[in-house]
Structures are given as structure tokens and as C-alpha cells.
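Everything below belongs to run.cif, which stores mmCIF, C-alpha atoms and all ligand atoms.
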```cif
data_structure
loop_
_atom_site.label_atom_id
_atom_site.label_comp_id
_atom_site.auth_asym_id
_atom_site.auth_seq_id
_atom_site.Cartn_x
_atom_site.Cartn_y
_atom_site.Cartn_z
CA MET A 18 -43.55 11.32 5.85
CA PRO A 19 -39.97 11.83 7.12
CA ILE A 20 -40.21 8.47 8.90
CA ALA A 21 -41.12 6.64 5.71
CA TYR A 22 -38.28 8.39 3.90
CA HIS A 23 -35.80 7.18 6.52
CA THR A 24 -37.05 3.59 6.42
CA VAL A 25 -36.51 3.41 2.70
CA GLU A 26 -33.07 4.88 3.00
CA LYS A 27 -32.00 2.47 5.68
CA ARG A 28 -33.28 -0.47 3.69
CA GLU A 29 -31.29 0.68 0.70
CA PHE A 30 -28.22 1.17 2.85
CA ASN A 31 -28.57 -2.33 4.30
CA GLU A 32 -28.51 -3.63 0.74
CA TRP A 33 -25.18 -1.87 0.27
CA VAL A 34 -23.89 -3.60 3.39
CA HIS A 35 -24.86 -7.00 1.99
CA ALA A 36 -23.51 -6.21 -1.45
CA HIS A 37 -20.12 -4.71 -0.55
CA THR A 38 -18.93 -5.98 2.85
CA GLY A 39 -17.12 -8.94 1.28
CA ASP A 40 -15.14 -6.88 -1.22
CA LEU A 41 -14.33 -4.14 1.27
CA LEU A 42 -13.14 -6.65 3.86
CA ARG A 43 -10.98 -8.50 1.37
CA TYR A 44 -9.40 -5.20 0.36
CA ALA A 45 -8.81 -4.11 3.97
CA LYS A 46 -7.40 -7.44 5.10
CA THR A 47 -4.48 -7.21 2.69
CA ARG A 48 -3.69 -3.66 3.80
CA VAL A 49 -3.49 -3.94 7.59
CA ARG A 50 -1.77 -6.42 9.87
CA GLU A 51 -4.65 -7.99 11.77
CA GLU A 52 -7.90 -9.41 10.48
CA ALA A 53 -9.73 -7.87 13.45
CA GLU A 54 -8.37 -4.41 12.51
CA ALA A 55 -9.65 -4.90 8.98
CA GLU A 56 -13.12 -5.77 10.28
CA ASP A 57 -13.15 -2.70 12.54
CA LEU A 58 -12.11 -0.46 9.67
CA VAL A 59 -14.80 -1.79 7.36
CA GLN A 60 -17.44 -1.36 10.04
CA SER A 61 -16.32 2.18 10.83
CA ALA A 62 -16.34 2.97 7.11
CA PHE A 63 -19.98 1.87 6.88
CA VAL A 64 -20.89 3.87 10.00
CA ALA A 65 -19.17 6.95 8.52
CA ALA A 66 -20.98 6.37 5.22
CA TRP A 67 -24.32 6.13 7.00
CA GLU A 68 -23.67 9.28 9.01
CA GLY A 69 -22.51 11.14 5.92
CA ARG A 70 -25.11 9.69 3.56
CA LYS A 71 -26.43 13.14 2.64
CA LYS A 72 -23.05 13.86 1.04
CA TYR A 73 -23.35 10.83 -1.20
CA ALA A 74 -25.84 12.43 -3.58
CA GLN A 75 -25.22 9.70 -6.14
CA GLN A 76 -22.20 11.42 -7.67
CA SER A 77 -20.54 8.02 -7.85
CA SER A 78 -21.57 4.41 -7.43
CA PRO A 79 -22.11 3.27 -3.82
CA ARG A 80 -19.16 0.91 -4.28
CA THR A 81 -16.75 3.67 -5.33
CA TRP A 82 -17.99 5.89 -2.54
CA LEU A 83 -17.63 3.17 0.12
CA PHE A 84 -14.14 2.31 -1.11
CA SER A 85 -13.02 5.93 -0.89
CA ILE A 86 -14.27 6.12 2.71
CA LEU A 87 -12.54 2.84 3.57
CA LYS A 88 -9.27 4.03 2.01
CA ASN A 89 -9.40 7.13 4.21
CA LYS A 90 -10.01 4.97 7.27
CA ILE A 91 -7.03 2.74 6.43
CA ALA A 92 -4.87 5.81 5.78
CA ASP A 93 -5.85 7.15 9.24
CA HIS A 94 -4.86 3.81 10.71
CA TRP A 95 -1.37 3.98 9.17
CA ARG A 96 -0.94 7.67 9.94
CA LYS A 97 -1.52 6.86 13.62
CA ALA A 98 0.82 3.87 13.46
CA TYR A 99 3.47 6.03 11.82
CA ARG A 100 3.23 8.73 14.46
CA ASP A 101 3.20 6.28 17.35
CA PRO A 102 6.43 6.87 19.29
CA VAL A 103 6.42 3.28 20.53
CA VAL A 104 6.56 2.03 16.97
CA HIS A 105 9.28 4.53 16.15
CA GLY A 106 11.30 3.18 19.05
CA GLN A 107 11.85 -0.03 17.11
CA GLU A 108 13.36 1.74 14.13
CA PRO A 109 15.60 -0.84 12.49
CA VAL A 110 19.18 -0.12 11.63
CA ASP A 111 19.41 0.34 7.91
CA ALA A 112 20.84 -2.97 6.75
CA ASP A 113 23.93 -2.62 4.61
CA PHE A 114 22.27 -2.89 1.26
CA PHE A 115 24.78 -0.42 -0.14
CA GLY A 116 28.53 -0.14 0.33
CA ASP A 117 30.41 3.01 1.31
CA ASN A 118 30.73 3.91 -2.36
CA GLY A 119 26.93 3.83 -2.71
CA ARG A 120 26.94 0.75 -4.91
CA TRP A 121 24.88 -2.35 -4.12
CA ALA A 122 26.77 -4.30 -1.46
CA PRO A 123 27.94 -7.81 -2.39
CA GLY A 124 25.13 -10.28 -1.77
CA HIS A 125 22.48 -7.56 -2.17
CA ILE A 126 22.77 -6.83 -5.89
CA PRO A 127 19.33 -7.25 -7.50
CA ALA A 128 19.27 -10.08 -10.01
CA GLU A 129 16.49 -11.14 -12.36
CA TRP A 130 13.67 -13.17 -10.85
CA GLY A 131 13.42 -16.54 -12.51
CA LEU A 132 9.67 -16.68 -12.67
CA GLY A 133 7.31 -18.93 -14.49
CA GLY A 134 4.37 -21.22 -14.05
CA PRO A 135 0.64 -20.60 -14.02
CA ASP A 136 0.39 -20.07 -10.25
CA GLN A 137 2.98 -17.31 -10.36
CA ALA A 138 0.70 -14.37 -9.57
CA GLU A 139 -0.82 -16.09 -6.59
CA GLN A 140 2.61 -17.06 -5.32
CA MET A 141 3.93 -13.51 -5.73
CA HIS A 142 0.99 -12.19 -3.74
CA ARG A 143 1.76 -14.67 -0.99
CA PHE A 144 5.43 -13.66 -0.90
CA LEU A 145 4.47 -9.99 -0.85
CA ALA A 146 2.02 -10.50 2.02
CA ASP A 147 4.65 -12.40 4.03
CA CYS A 148 7.27 -9.72 3.43
CA LEU A 149 4.87 -6.90 4.29
CA ARG A 150 4.27 -8.62 7.61
CA LEU A 151 8.02 -8.56 8.27
CA LEU A 152 8.29 -4.85 7.52
CA PRO A 153 8.42 -2.63 10.64
CA SER A 154 5.12 -0.75 11.09
CA HIS A 155 6.27 2.75 10.27
CA TRP A 156 7.98 1.56 7.07
CA ARG A 157 4.89 -0.29 6.09
CA ALA A 158 2.91 2.89 6.77
CA VAL A 159 5.11 4.78 4.32
CA VAL A 160 4.50 2.12 1.64
CA GLU A 161 0.75 1.78 2.24
CA MET A 162 0.25 5.55 2.06
CA LYS A 163 1.57 5.59 -1.48
CA PHE A 164 -1.47 3.66 -2.69
CA LEU A 165 -4.03 4.95 -0.22
CA LYS A 166 -3.27 8.51 -1.30
CA ASP A 167 -2.92 7.69 -4.98
CA LYS A 168 0.78 8.60 -5.16
CA ASP A 169 0.23 12.19 -4.06
CA ALA A 170 3.60 12.67 -2.35
CA GLU A 171 2.81 16.17 -1.11
CA LEU A 172 -0.37 15.00 0.58
CA ILE A 173 1.39 11.98 2.10
CA CYS A 174 4.17 14.15 3.59
CA GLN A 175 1.53 16.43 5.04
CA GLU A 176 -0.34 13.50 6.61
CA LEU A 177 2.81 11.93 8.05
CA GLY A 178 4.25 15.28 9.11
CA ILE A 179 7.59 14.78 7.37
CA SER A 180 9.60 16.50 4.64
CA ALA A 181 9.72 15.21 1.08
CA THR A 182 13.42 14.38 1.46
CA ASN A 183 12.61 12.31 4.50
CA TYR A 184 9.79 10.53 2.71
CA TRP A 185 11.90 9.59 -0.32
CA GLN A 186 14.57 8.21 1.95
CA GLN A 187 12.16 6.13 3.98
CA ILE A 188 10.11 4.73 1.14
CA HIS A 189 13.17 3.79 -0.87
CA ARG A 190 14.65 1.98 2.14
CA ALA A 191 11.37 0.18 2.76
CA LYS A 192 11.16 -0.77 -0.90
CA VAL A 193 14.76 -2.03 -1.08
CA ARG A 194 14.09 -4.21 1.93
CA LEU A 195 10.75 -5.44 0.57
CA ARG A 196 12.31 -6.31 -2.79
CA GLU A 197 15.14 -8.25 -1.20
CA CYS A 198 12.72 -10.18 1.02
CA ILE A 199 10.65 -11.21 -2.01
CA SER A 200 13.82 -12.15 -3.92
CA THR A 201 14.94 -14.38 -1.09
CA LYS A 202 11.58 -16.14 -1.08
CA ILE A 203 11.66 -16.68 -4.83
CA THR A 204 15.19 -18.13 -4.62
CA LYS A 205 14.23 -20.45 -1.78
CA ASP A 206 11.15 -21.56 -3.64
CA ASN A 207 13.11 -22.31 -6.82
CA HIS A 208 15.40 -24.63 -4.87
CA HIS A 209 12.51 -26.74 -3.62
CA MET B 11 31.25 13.82 -15.48
CA GLN B 12 31.29 13.44 -11.73
CA THR B 13 27.87 15.06 -11.44
CA LEU B 14 26.45 12.65 -14.00
CA MET B 15 27.44 9.56 -12.05
CA LEU B 16 24.76 8.43 -9.65
CA SER B 17 25.38 5.92 -6.89
CA CYS B 18 23.13 2.85 -6.84
CA ARG B 19 21.66 4.13 -3.57
CA LYS B 20 20.65 7.40 -5.25
CA ALA B 21 19.44 5.54 -8.34
CA ALA B 22 17.14 3.38 -6.20
CA GLU B 23 15.79 6.49 -4.50
CA LEU B 24 15.16 8.23 -7.82
CA THR B 25 13.49 5.08 -9.15
CA GLU B 26 11.03 5.33 -6.29
CA ARG B 27 10.49 9.07 -6.82
CA GLN B 28 9.87 8.46 -10.50
CA SER B 29 7.05 6.08 -9.68
CA PHE B 30 5.20 9.02 -8.10
CA ALA B 31 5.84 11.68 -10.72
CA PRO B 32 8.25 12.40 -13.57
CA LEU B 33 11.70 13.47 -12.38
CA PRO B 34 13.24 16.85 -13.23
CA ALA B 35 15.09 16.55 -16.56
CA VAL B 36 18.64 16.37 -15.17
CA GLN B 37 17.82 13.71 -12.61
CA GLY B 38 15.79 11.76 -15.14
CA PHE B 39 18.77 11.76 -17.46
CA GLN B 40 21.15 10.73 -14.67
CA LEU B 41 18.93 7.81 -13.76
CA TRP B 42 18.60 6.75 -17.38
CA MET B 43 22.39 6.88 -17.78
CA HIS B 44 22.95 4.89 -14.63
CA THR B 45 20.49 2.12 -15.38
CA ARG B 46 21.92 1.76 -18.88
CA ILE B 47 25.23 0.63 -17.44
CA CYS B 48 24.17 -0.95 -14.13
CA ALA B 49 22.50 -4.37 -14.34
CA GLY B 50 21.66 -4.37 -10.63
CA CYS B 51 19.69 -1.14 -10.89
CA GLN B 52 18.03 -2.35 -14.09
CA ALA B 53 16.72 -5.39 -12.25
CA TYR B 54 15.79 -3.20 -9.31
CA GLN B 55 13.74 -0.88 -11.49
CA ARG B 56 11.81 -3.71 -13.13
CA GLN B 57 11.12 -5.45 -9.84
CA SER B 58 10.18 -2.26 -8.07
CA LYS B 59 7.50 -1.65 -10.72
CA ARG B 60 6.30 -5.23 -10.39
CA ILE B 61 5.99 -4.86 -6.61
CA ASP B 62 3.98 -1.65 -7.04
CA LEU B 63 1.61 -3.45 -9.36
CA LEU B 64 1.18 -6.28 -6.86
CA LEU B 65 0.63 -3.76 -4.07
CA GLU B 66 -2.10 -2.08 -6.09
CA GLN B 67 -3.83 -5.34 -7.01
CA ARG B 68 -3.95 -6.73 -3.48
CA GLY B 69 -7.29 -7.91 -2.26
CA THR B 70 -8.75 -8.66 -5.65
CA GLU B 71 -7.06 -12.01 -6.19
CA THR B 72 -8.21 -14.06 -3.21
CA ALA B 73 -11.48 -15.95 -3.04
CA LEU B 74 -14.32 -14.21 -1.27
CA ARG B 75 -15.39 -15.68 2.04
CA PRO B 76 -18.98 -15.34 3.28
CA THR B 77 -19.34 -12.33 5.55
CA GLY B 78 -22.95 -12.79 6.72
CA PRO B 79 -22.31 -12.43 10.46
CA MET B 80 -20.27 -9.32 9.90
CA GLU B 81 -22.95 -7.77 7.72
CA GLU B 82 -25.44 -8.32 10.55
CA ARG B 83 -23.03 -6.66 12.98
CA ILE B 84 -22.65 -3.64 10.75
CA ILE B 85 -26.39 -3.32 10.26
CA ALA B 86 -26.85 -3.56 14.03
CA ALA B 87 -24.21 -0.85 14.56
CA ILE B 88 -25.99 1.44 12.11
CA SER B 89 -29.45 0.76 13.51
CA CYS B 90 -28.47 2.60 16.70
CA LYS B 91 -27.65 5.69 14.65
CA ASN B 92 -29.99 8.07 12.96
ZN ZN C 1 23.32 0.86 -9.89
#
```

Once more with this new file: its structure as C-alpha cells, please.
Ligand SMILES: [Zn+2]
Amino acid sequence: MPIAYHTVEKREFNEWVHAHTGDLLRYAKTRVREEAEAEDLVQSAFVAAWEGRKKYAQQSSPRTWLFSILKNKIADHWRKAYRDPVVHGQEPVDADFFGDNGRWAPGHIPAEWGLGGPDQAEQMHRFLADCLRLLPSHWRAVVEMKFLKDKDAELICQELGISATNYWQQIHRAKVRLRECISTKITKDNHH
Amino acid sequence: MQTLMLSCRKAAELTERQSFAPLPAVQGFQLWMHTRICAGCQAYQRQSKRIDLLLEQRGTETALRPTGPMEERIIAAISCKN
């Protein structure tokens, strides 16, 4: 009897693999640097789900459950990247976005984005992806954690091992840089 | 008055904090005051929100590619485990 029970369970699990791998991979690929890393994370999420399948107990849909496991795996990935001293070694000098008086420095003052056109969303996603790639790893980690941990700042600080003050400083710097990068791309694009 | 005046640097930081949770009343008021008179920070606030939205939506907008070989790999990886 136990054998039969296991066969059924595995067959059902394999159906989950077929049904959700595509969506999970697509999600992961936009949230880590390398496609190969995304594939590894999705696979390890499925392995973790299989090994912890007794905890599933149908309290949520398989999809929701698999996504929550994947999000934890991606968060682990960024936590490690953040704590990697090699990555920290390349800490960029904070570009002079602000003057000594704390105002936006000339040339860095945010201006409205002249956006329009039906392909706007797709274009914005492309700009964002390009700019995320340009962001140093530990800054990207700080940004990714915001969404992987559902904006729970206390939990994020705990995971990264930093103070709240430190976190606010880092995420706002990362965000200022990300915004300016996207702005530059929009401006360039408008001139074409 | 001095304490009411935020720098743009601080305003950008508070904008970020506010996207996690509501700010304490005094800081919330300071930020509101600042963005009322500072066009740069107004644009920053709007765009920061837009970026957050894009960050949250990632991975739902692109077309799905077939993942057959990967599914087989995952199933193979699981088959070795009980
Ligand atoms: Zn300002």
C-alpha cells in the first residue's frame, strides 16, 4: 500500500512540474542575473517542494506554494550575494546625485518622463531589465529583497544583517541610480 | 522652520521608506511639505512608484518559452529522491 500511495503522489507532482515550470522560470529569470542561475533556482525549488511535500497539505494552490518556495530560494541567492565580501569590494562611489546642500545636483534633477505609445510597458520593462543589470550586485540585492520579502523591512534587515538606517540609505541610493538610468534610456529613445 | 525643511536627499530616502510603511507623522508632513514645493522630488516620487510597480510585475509580461527539457531534468532530479 505505501508504494502505491507514493506512485500516485509522484505522478501528481510531475504534473505540477509540467504545469508550473514555465511560469516559475519566467519569474526567476527576471530576478537574477544569469539564465542558468534561474534554472538552478527553479529546480532546487521543485526539489525542496518534493522533499517538503508533507507540509503542503493543500492549504494553498500548488502554484502559490511553489512560488513561495521559489521566492525564498531567490532571496537566499541575493542574501549570499549581498554578504559576499568579493562583491562588497566593488562598492561604487556614490555618484554625486546630490549637492553639498542636499539638493539634486545640476544634471540629476528628476524631470517628467515623456511617455506614450502602445508598446510603452514592454519598453519600460526592457529599460528596467537593462538598468538592473548595470546595478552592482549588493545594491541589486537590496532592491530585490524588497519584493521577495513583501516589503517587510525588519525581516530584510535581519536577513542582510544590517541596521534599518543602513538599509534605507542603501535602497534609496540604489533607487536613485536605477531611476536615473531609466530616465537616460527614455531620453535617448525619444531622440531616435 | 529649519526642522521642517528637508533636503532632496532626505526626501528621496523618506519616499523610499514610505513605500514600505507609513512614515511617522512629523516625517510624513515634512515630506509632503517638501514635495509640494520641489518639482524634482515630485517627479522622483511618481517615478519611484512606477519603478516599484514594474519591479513587481516582472516576469509576467514576456512570452512563455517551452520548457520541456527542463521539466524532464527536474523530474529526473526528483526521481532520485524519496
Ligand atoms: Zn527636493

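Pocket residues of ligand ZN 1 (chain C), taken as those with any atom at most 9 Å away using all atoms listed in the file, are Gly119, Arg120, Trp121 and Ile126 of chain A; Leu16, Ser17, Cys18, Arg19, Lys20, Ala21, Ala22, His44, Thr45, Ile47, Cys48, Ala49, Gly50, Cys51, Gln52 and Tyr54 of chain B.
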
Take the residues from that selection and put them in a file with C-alpha atoms, as a tab-separated table (two decimals), in the frame of the given file.
```
chain	number	residue	atom	x	y	z
A	119	GLY	CA	26.93	3.83	-2.71
A	120	ARG	CA	26.94	0.75	-4.91
A	121	TRP	CA	24.88	-2.35	-4.12
A	126	ILE	CA	22.77	-6.83	-5.89
B	16	LEU	CA	24.76	8.43	-9.65
B	17	SER	CA	25.38	5.92	-6.89
B	18	CYS	CA	23.13	2.85	-6.84
B	19	ARG	CA	21.66	4.13	-3.57
B	20	LYS	CA	20.65	7.40	-5.25
B	21	ALA	CA	19.44	5.54	-8.34
B	22	ALA	CA	17.14	3.38	-6.20
B	44	HIS	CA	22.95	4.89	-14.63
B	45	THR	CA	20.49	2.12	-15.38
B	47	ILE	CA	25.23	0.63	-17.44
B	48	CYS	CA	24.17	-0.95	-14.13
B	49	ALA	CA	22.50	-4.37	-14.34
B	50	GLY	CA	21.66	-4.37	-10.63
B	51	CYS	CA	19.69	-1.14	-10.89
B	52	GLN	CA	18.03	-2.35	-14.09
B	54	TYR	CA	15.79	-3.20	-9.31
```

Counting all atoms listed in the file, what is within 12 Å of stretch 139-144 of chain A, bar same-chain residues fewer than 3 positions away, as a PDB file with C-alpha atoms, in the frame of the given file?
```pdb
ATOM      1  CA  THR A  47      -4.480  -7.210   2.690  1.00  0.00           C
ATOM      2  CA  TRP A 130      13.670 -13.170 -10.850  1.00  0.00           C
ATOM      3  CA  LEU A 132       9.670 -16.680 -12.670  1.00  0.00           C
ATOM      4  CA  GLY A 133       7.310 -18.930 -14.490  1.00  0.00           C
ATOM      5  CA  GLY A 134       4.370 -21.220 -14.050  1.00  0.00           C
ATOM      6  CA  PRO A 135       0.640 -20.600 -14.020  1.00  0.00           C
ATOM      7  CA  ASP A 136       0.390 -20.070 -10.250  1.00  0.00           C
ATOM      8  CA  ASP A 147       4.650 -12.400   4.030  1.00  0.00           C
ATOM      9  CA  CYS A 148       7.270  -9.720   3.430  1.00  0.00           C
ATOM     10  CA  LEU A 149       4.870  -6.900   4.290  1.00  0.00           C
ATOM     11  CA  ARG A 150       4.270  -8.620   7.610  1.00  0.00           C
ATOM     12  CA  LEU A 151       8.020  -8.560   8.270  1.00  0.00           C
ATOM     13  CA  LEU A 195      10.750  -5.440   0.570  1.00  0.00           C
ATOM     14  CA  ARG A 196      12.310  -6.310  -2.790  1.00  0.00           C
ATOM     15  CA  GLU A 197      15.140  -8.250  -1.200  1.00  0.00           C
ATOM     16  CA  CYS A 198      12.720 -10.180   1.020  1.00  0.00           C
ATOM     17  CA  ILE A 199      10.650 -11.210  -2.010  1.00  0.00           C
ATOM     18  CA  SER A 200      13.820 -12.150  -3.920  1.00  0.00           C
ATOM     19  CA  THR A 201      14.940 -14.380  -1.090  1.00  0.00           C
ATOM     20  CA  LYS A 202      11.580 -16.140  -1.080  1.00  0.00           C
ATOM     21  CA  ILE A 203      11.660 -16.680  -4.830  1.00  0.00           C
ATOM     22  CA  THR A 204      15.190 -18.130  -4.620  1.00  0.00           C
ATOM     23  CA  LYS A 205      14.230 -20.450  -1.780  1.00  0.00           C
ATOM     24  CA  ASP A 206      11.150 -21.560  -3.640  1.00  0.00           C
ATOM     25  CA  ASN A 207      13.110 -22.310  -6.820  1.00  0.00           C
TER      26      ASN A 207
ATOM     27  CA  GLN B  57      11.120  -5.450  -9.840  1.00  0.00           C
ATOM     28  CA  ARG B  60       6.300  -5.230 -10.390  1.00  0.00           C
ATOM     29  CA  ILE B  61       5.990  -4.860  -6.610  1.00  0.00           C
ATOM     30  CA  ASP B  62       3.980  -1.650  -7.040  1.00  0.00           C
ATOM     31  CA  LEU B  63       1.610  -3.450  -9.360  1.00  0.00           C
ATOM     32  CA  LEU B  64       1.180  -6.280  -6.860  1.00  0.00           C
ATOM     33  CA  LEU B  65       0.630  -3.760  -4.070  1.00  0.00           C
ATOM     34  CA  GLU B  66      -2.100  -2.080  -6.090  1.00  0.00           C
ATOM     35  CA  GLN B  67      -3.830  -5.340  -7.010  1.00  0.00           C
ATOM     36  CA  ARG B  68      -3.950  -6.730  -3.480  1.00  0.00           C
ATOM     37  CA  GLY B  69      -7.290  -7.910  -2.260  1.00  0.00           C
ATOM     38  CA  THR B  70      -8.750  -8.660  -5.650  1.00  0.00           C
ATOM     39  CA  GLU B  71      -7.060 -12.010  -6.190  1.00  0.00           C
ATOM     40  CA  THR B  72      -8.210 -14.060  -3.210  1.00  0.00           C
ATOM     41  CA  ALA B  73     -11.480 -15.950  -3.040  1.00  0.00           C
TER      42      ALA B  73
END
```

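Taking atom CA of B:Glu23 and atom CA of A:Trp156 as endpoints, the distance between them is 14.8 Å.
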
(request) Take atom CA of A:Lys90 and atom CA of A:Ile188 and report the distance between them in Å, one decimal. (result) 21.0 Å

I'd like a table as a tab-separated table: residues in chain A with an atom no more than 9 Å from chain B, each row giving the shortest atom pair and its distance in Å to one decimal, all atoms listed in the file counted, sorted by chain and rising residue number.
```
residue	atom	partner	partner_atom	distance
A:His23	CA	B:Asn92	CA	8.7
A:Lys27	CA	B:Ser89	CA	8.4
A:Phe30	CA	B:Ile85	CA	8.9
A:Asn31	CA	B:Ile85	CA	6.4
A:Val34	CA	B:Glu81	CA	6.1
A:His35	CA	B:Glu81	CA	6.1
A:Thr38	CA	B:Glu81	CA	6.6
A:Gly39	CA	B:Thr77	CA	5.9
A:Asp40	CA	B:Leu74	CA	7.4
A:Leu41	CA	B:Gly69	CA	8.7
A:Leu42	CA	B:Gly69	CA	8.6
A:Arg43	CA	B:Gly69	CA	5.2
A:Tyr44	CA	B:Gly69	CA	4.3
A:Ala45	CA	B:Gly69	CA	7.5
A:Lys46	CA	B:Gly69	CA	7.4
A:Thr47	CA	B:Gly69	CA	5.7
A:Arg48	CA	B:Arg68	CA	7.9
A:Glu56	CA	B:Met80	CA	8.0
A:Val59	CA	B:Ile84	CA	8.7
A:Gln60	CA	B:Ile84	CA	5.7
A:Ser61	CA	B:Ile84	CA	8.6
A:Phe63	CA	B:Ile84	CA	7.2
A:Val64	CA	B:Ile88	CA	6.0
A:Trp67	CA	B:Ile88	CA	7.1
A:Glu68	CA	B:Asn92	CA	7.6
A:Phe114	CA	B:Arg19	CA	8.5
A:Phe115	CA	B:Arg19	CA	6.5
A:Gly116	CA	B:Arg19	CA	9.0
A:Asn118	CA	B:Ser17	CA	7.3
A:Gly119	CA	B:Ser17	CA	4.9
A:Arg120	CA	B:Cys18	CA	4.8
A:Trp121	CA	B:Cys18	CA	6.1
A:Ile126	CA	B:Gly50	CA	5.5
A:Pro127	CA	B:Gly50	CA	4.8
A:Ala128	CA	B:Ala53	CA	5.8
A:Glu129	CA	B:Ala53	CA	5.8
A:Trp130	CA	B:Gln57	CA	8.2
A:Ala138	CA	B:Leu64	CA	8.5
A:Glu139	CA	B:Glu71	CA	7.5
A:Met141	CA	B:Leu64	CA	7.8
A:His142	CA	B:Leu64	CA	6.7
A:Leu145	CA	B:Leu64	CA	7.8
A:Ala146	CA	B:Arg68	CA	9.0
A:Glu161	CA	B:Leu65	CA	8.4
A:Lys163	CA	B:Phe30	CA	8.3
A:Phe164	CA	B:Glu66	CA	6.7
A:Asp167	CA	B:Phe30	CA	8.8
A:Lys168	CA	B:Phe30	CA	5.3
A:Asp169	CA	B:Phe30	CA	7.1
A:Ala170	CA	B:Phe30	CA	7.0
A:Trp185	CA	B:Glu23	CA	6.5
A:Gln186	CA	B:Glu23	CA	6.8
A:Ile188	CA	B:Glu26	CA	7.5
A:His189	CA	B:Glu23	CA	5.2
A:Arg190	CA	B:Glu23	CA	8.1
A:Lys192	CA	B:Ser58	CA	7.4
A:Val193	CA	B:Ala22	CA	7.8
A:Leu195	CA	B:Ile61	CA	8.6
A:Arg196	CA	B:Ser58	CA	7.0
```

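What separates atom CA of A:Arg50 from atom CA of A:Gly178 is a distance of 22.5 Å.
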
(message) Please determine, counting only C-alpha atoms, which residue among A:Ala36, A:Leu58, A:Ser154, A:Ile179 has the shortest atom-to-atom distance to A:Asp101.
(response) A:Ser154
